Amino acid sequence: MIFRLLAERDYQIRIPPRAAPPEPALDALALLVSFQFDACCEFLHHMRGEMRDNPGFYVQLDGMPEAQIILIRNLCSLFRSNGLLEHYRVDRTTGRIVGAVTDDARAFHFIGGDWLESAIRVNVSQFLNLDGTPVELLENVEIRRPDGRNFELDVVMAIDGLLYWWEAKCGGYLPSDLDRYRAVAKELGLPPNRAVLVLAEPEPDDALGTVADHTGMTVLAPDRIAAFIEGIEARHRKQGA
């Protein structure tokens with residue numbers, strides 16, 4: 001269904017997407033991070049920012065609420081048990097958690113942004129319940145746009161013949177990226193409730209509403225994915241009533 005809907009919009013599939021081997025533990029971790037994003041975004045930011053040139057990182061715990069400290073320590077344990085951290089320790093002298101990201105592609109990809117795509121997929125698969133309505137979902141769909149330019153759609157979803165596009169963005173972005181998202185949403189003919197940008201780290205001068213106005217997309221923080229999916233479910237149930 002997705003391939004047909006894209007072809008109708010003159011989008012050509014360059015490379016058929018292949019499903020990655022399932023890793024249920026990483027999927028659960030991605031879901032936890034998305035639900036608790038406000039509390040753990042600094043933890044992720046420190047790992048992302050230092051892992052390319054130096055896999056070491058630290059997070060300052062002093063001044064954090066006790067519940068947030070417990071969450072960060074639990075996340076470190078989960079990241080370590082899933083092979084994403086080489087090691088970590090609590091340095092009580094400095095009030096920091098000090099650790100090192102595992103030096104391999106799997107860890108870099110997950111921490112660098114794959115967790116967010118996984119969170120979208122897992123939220124859809126676990127929380128979208130439409131009682132037999134056909135739902136199809138593909139990740140990392142490499143396409144050629146009508147003007148011949150290549151692009152990758154992070155997550156594409158079709159529900160009963162309607163196309164949805166999710167873009168997952170961690171880390172920095174340029175105004176040209178937002179221009180491209182706006183153009184793709186327009187080419188696909190998607191209204192804001194079917195073109196969604198999940199933005200983990202907005203640029204300092206950008207509010208989510210500003211980015212939404214610029215792109216013509218719905219712009220969400222990661223912890224709002226599940227609520228948005230509930231809205232999708234409510235609309236489709238109403239249409240089917």
# chains A, B, ... in the order shown; residues from 1 in each chain; ligands from 1

$ residues_around --residues "Val211 (chain A)" --least-positions-apart "5" --cutoff "8 Å" --atoms "only C-alpha atoms" --output "compact mmCIF listing (two decimals) with N, CA and C atoms, in the first residue's frame"
# COMPACT_ATOMS: atom_id res chain seq x y z
N LEU A 178 14.77 22.30 7.19
CA LEU A 178 13.36 22.62 7.38
C LEU A 178 12.70 22.95 6.06
N ASP A 206 14.59 28.30 18.23
CA ASP A 206 13.40 27.71 17.62
C ASP A 206 12.46 27.13 18.67
N VAL A 219 4.82 19.36 14.84
CA VAL A 219 6.14 19.19 15.45
C VAL A 219 5.94 18.80 16.91

$ residues_around --residues "Gln239 (chain A)" --least-positions-apart "5" --cutoff "12 Å" --atoms "only C-alpha atoms" --output "MDAnalysis selection string"
chainID A and resid 130 133 160 232:234

$ closest_residue --among "A:Asp223, A:Arg9, A:Gly113, A:Gly161" --to "Val135 (chain A)" --atoms "only C-alpha atoms"
A:Gly161

$ select_by_dssp --residues "region 82-199 of chain A" --states "strand (DSSP E)" --output "ChimeraX atom specification"
/A:85-91,96-101,135-144,150-159,162-169,195-199

$ residues_around --residues "Ala107 (chain A)" --least-positions-apart "4" --cutoff "8 Å" --atoms "only C-alpha atoms" --output "list in words"
Gly83, Leu84, Leu85, Val101, Thr102, Asp103 and Ile111 of chain A

$ write_last_selection --atoms "C-alpha atoms" --output "mmCIF file, in the first residue's frame"
data_model
loop_
_atom_site.group_PDB
_atom_site.id
_atom_site.type_symbol
_atom_site.label_atom_id
_atom_site.label_comp_id
_atom_site.auth_asym_id
_atom_site.auth_seq_id
_atom_site.Cartn_x
_atom_site.Cartn_y
_atom_site.Cartn_z
ATOM 1 C CA GLY A 83 25.903 -3.158 25.131
ATOM 2 C CA LEU A 84 25.587 0.577 24.469
ATOM 3 C CA LEU A 85 27.952 1.706 27.229
ATOM 4 C CA VAL A 101 29.906 4.795 24.912
ATOM 5 C CA THR A 102 30.712 1.444 23.329
ATOM 6 C CA ASP A 103 32.887 2.095 20.285
ATOM 7 C CA ILE A 111 22.325 6.926 20.699
#

$ closest_residue --among "A:Asn82, A:Leu116, A:Asp62, A:Leu29" --to "Gly95 (chain A)" --atoms "only C-alpha atoms"
A:Asp62

$ atom_distance --atom1 "CA of Gly132 (chain A)" --atom2 "CA of Tyr11 (chain A)"
27.9 Å

$ atom_distance --atom1 "CA of Thr210 (chain A)" --atom2 "CA of Asp114 (chain A)"
24.8 Å
